[in-house]
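Participant: A single structure is presented below for examination.
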Amino acid sequence: MMIVGGGIAGLMAALAAAPAPVLLLNPAGLGEGAASAWSQGGLAAAIGADDCTALHIADTLKAGAGLCDASAVTRIIQAGPGLIETLLAYGVRFDRDGAQNLARGLEAAHARPRILHANGDQTGAEIMRALIAAVRATPSITVLHATARHIFTDDAGVTGVLASAGEQVMHLPASRVLLATGGIGGLFRYSTNPPSAIGQGLILAADAGARLKHLEFIQFHPTALDSNGPFLPLISEAVRGEGARFIDETGDAFMHGDDLAPRDVVARAVFAHQAAGHQVFLDARPIGARFATRFPAISAICAQAGIDPQTQPIPVRPAAHYHMGGVAVDAQGQSSIPGLFAAGEVACTGLHGANRLASNSLLEAAICGAQAGRAMASLATRATRLPAVAPPPLPNAEPVRDIMSAHLGVLRDAEGLTRAITQLAPMATTNGAARLGLLITQAALTRRESVGAHMRRDAPGLLHQAA
Ligand SMILES: Cc1cc2nc3c(=O)[nH]c(=O)nc-3n(C[C@H](O)[C@H](O)[C@H](O)COP(=O)(O)OP(=O)(O)OC[C@H]3O[C@@H](n4cnc5c(N)ncnc54)[C@H](O)[C@@H]3O)c2cc1C
């Protein structure tokens with residue numbers, strides 16, 4: 001059994017599959033290159049006395065704008081409180097309040113404070129710390145530093161993975177393979193994701209012939225730090241949950257108190273304000289001295305950029321943040337190819353629909369990763385033989401980034417999408433990143449409506465209003 005990717009989805013799968021032997025592929029050390037280790041705000045779960053899973057389900061369905069799979073939403077959200085128990089048992093140290101109850105933060109479009117966090121704004125790093133320790137203590141899990149380059153299949157399903165590490169090429173037979181390779185933000189010029197998050201799992205799955213779903217739905221986070229670099233550091237929504245507000249260079253609070261509206265709504269408002277020639281800032285000064293203790297990692301990010309959030313507004317801009325679409329999977333994480341599973345951001349379970357509710361992704365990655373691990377462990381293995389072929393070229397996102405940012409951003413229209421297709425198509429046969437960009441663009445062109453995070457300038461009325 002093989003797992004490709006060592007973020008939260010991959011690690012939870014490997015642990016859940018134990019004691020069944022698992023080979024876990026990750027290009028570098030566990031945690032490196034994983035968005036999981038960068039996640040800040042936290043993990044949503046309805047554990048408060050004032051909360052219930054029915055409310056969390058309703059919020060998730062509303063954000064998804066009519067395109068969620070209601071049974072997936074119910075299944076995953078209802079598993080949330082149990083997941084918290086599991087993570088505590090793995091040793092995750094969530095923050096607690098004065099009474100030693102688990103502290104709960106508020107994020108956009110959640111009816112109740114239900115975001116569990118750790119070390120203030122280092123939730124993902126803390127969960128990864130505990131899971132990596134658990135993986136190291138589990139003898140059935142072998143970690144191999146390698147990159148999956150190709151999925152082999154035959155008429156009966158998956159037969160193995162072609163992987164490489166430096167110059168070394170490996171043909172690894174496996175009749176059960178989980179893709180847990182994360183997101184696609186690295187296909188864009190402006191993104192909060194690790195630059196290596198270029199949808200490698202989606203490229204592997206597409207090339208193997210797996211069904212992909214909802215590729216056009218990409219969430220843009222309204223508050224990436226407006227800076228130069230291979231990625232834009234995120235200023236978590238939790239900062240607005242604690243009282244920060246949008247202002248422009250004139251001091252105008254242009255969101256008029258609606259700062260915690262759903263992400264797509266806020267990202268469009270910030271984009272429109274910038275397009276009208278304004279600079280946009282997040283004014284965290286109302287949080288005062290508490291900022292440094294509640295958000296230590298964001299404080300460090302700001303300090304690096306020479307900004308003191310206690311006295312200065314933080315310059316922000318929208319950036320590609322999360323992919324709602326992915327490999328279409330069932331409740332077990334099984335794709336349309338027998339033996340090929342997907343979990344975490346690379347998968348499309350139906351939880352997010354057209355727009356993800358904040359902090360539902362760590363929840364989904366952990367729950368669905370574990371479910372896929374259990375499902376794979378319960379399947380009978382079969383012997384497979386692999387042909388000795390050379391690996392395809394590594395995908396190269398660089399020539400794709402400006403095209404995606406120009407035409408697949410917060411606002412789209414048929415003219416721009418058609419231009420993107422013309423630019424991506426010639427690169428697609430030899431470059432997997434262009435091939436994936438092309439698939440995303442074709443999906444965006446085909447959906448001639450504005451819904452959730454997919455806003456078509458040429459079809460502006462939101463057919464399904466996202467809250
Ligand atoms: C800055 C930031 C903040 C976020 N904050 C939150 C938050 O507060 N709450 C929340 O719910 N969500 C948040 N998210 C989203 C969330 O972090 C991700 O959706 C989630 O962590 C994805 O987990 P994953 O296991 O699917 O993928 P990842 O954690 O990205 O792990 C994927 C792994 O696969 C490896 N990989 C990729 N391709 C290959 C290959 N070909 N071969 C081998 N290995 C490969 C990568 O190197 C990586 O280690 C945030 C995301 C970012 C970028």
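Chain labels A, B, ... are given in the sequence in which chains occur in the structure tokens; within each chain residues are numbered consecutively from 1, and ligands are likewise numbered from 1 in the order shown.
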Using the chain letters and numbers from this document, which residues of segment 121-281 of chain A does DSSP assign to strand (DSSP E), as number ranges by chain?
Facilitator: A: 141-145, 147-154, 157-165, 168-173, 177-179, 212-213, 218-225, 245-248, 280-281
Participant: Check which residues of segment 88-196 of chain A sit at most 10 Å from segment 365-374 of chain A using only C-alpha atoms, and return one row each with the closest pair of atoms and their distance in Å to one decimal, ordered by chain and rising number, as CSV.
Facilitator:
residue,atom,partner,partner_atom,distance
A:Ile127,CA,A:Ala366,CA,10.0
A:Arg176,CA,A:Gly373,CA,9.9
A:Val177,CA,A:Gly373,CA,9.8
A:Leu178,CA,A:Ala372,CA,7.6
A:Leu179,CA,A:Gly369,CA,9.7
A:Ala180,CA,A:Gly369,CA,7.8
A:Gly182,CA,A:Ala365,CA,9.3
Participant: Calculated over only C-alpha atoms, which of the candidates A:Leu215, A:Val266, A:Ala343, A:Ala390 has the smallest distance to Leu445 of chain A?
Facilitator: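 Closest residue, counting only C-alpha atoms: A:Leu215.
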Participant: Select from segment 204-286 of chain A every residue with an atom at most 12 Å from any atom of segment 393-403 of chain A, then for each give the shortest pair of atoms and their distance in Å to one decimal, using only C-alpha atoms, rows by chain and rising number, as JSON lines.
Facilitator:
{"residue": "A:Leu204", "atom": "CA", "partner": "A:Pro395", "partner_atom": "CA", "distance": 10.4}
{"residue": "A:Pro230", "atom": "CA", "partner": "A:Glu398", "partner_atom": "CA", "distance": 10.6}
{"residue": "A:Phe231", "atom": "CA", "partner": "A:Arg401", "partner_atom": "CA", "distance": 11.7}
Participant: Output C-alpha atoms of each residue in that selection to a file, as an mmCIF file, in the first residue's frame.
Facilitator:
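What landed in result.cif:
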data_model
loop_
_atom_site.group_PDB
_atom_site.id
_atom_site.type_symbol
_atom_site.label_atom_id
_atom_site.label_comp_id
_atom_site.auth_asym_id
_atom_site.auth_seq_id
_atom_site.Cartn_x
_atom_site.Cartn_y
_atom_site.Cartn_z
ATOM 1 C CA LEU A 204 -0.963 12.068 -11.992
ATOM 2 C CA PRO A 230 7.711 33.071 -4.360
ATOM 3 C CA PHE A 231 4.554 33.020 -2.217
#
Participant: Can you list, as a list in words, every protein, DNA or RNA residue that comes within 9 Å of Ala284 of chain A when you count only C-alpha atoms, leaving out same-chain residues fewer than 5 positions away?
Facilitator: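 Non-adjacent residues within range: Val239, Arg240, Glu242, Gly243, Ala244, Arg245, Phe246, Phe291, Pro309, Gln310, Thr311, Gln312, Pro313 and Ile314 of chain A.
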Participant: Point out the residue among A:Thr147, A:Thr422, A:Ser164, A:Gln219 with the least atom-to-atom distance to ligand 1, counting only C-alpha atoms and all ligand atoms.
Facilitator: A:Thr147
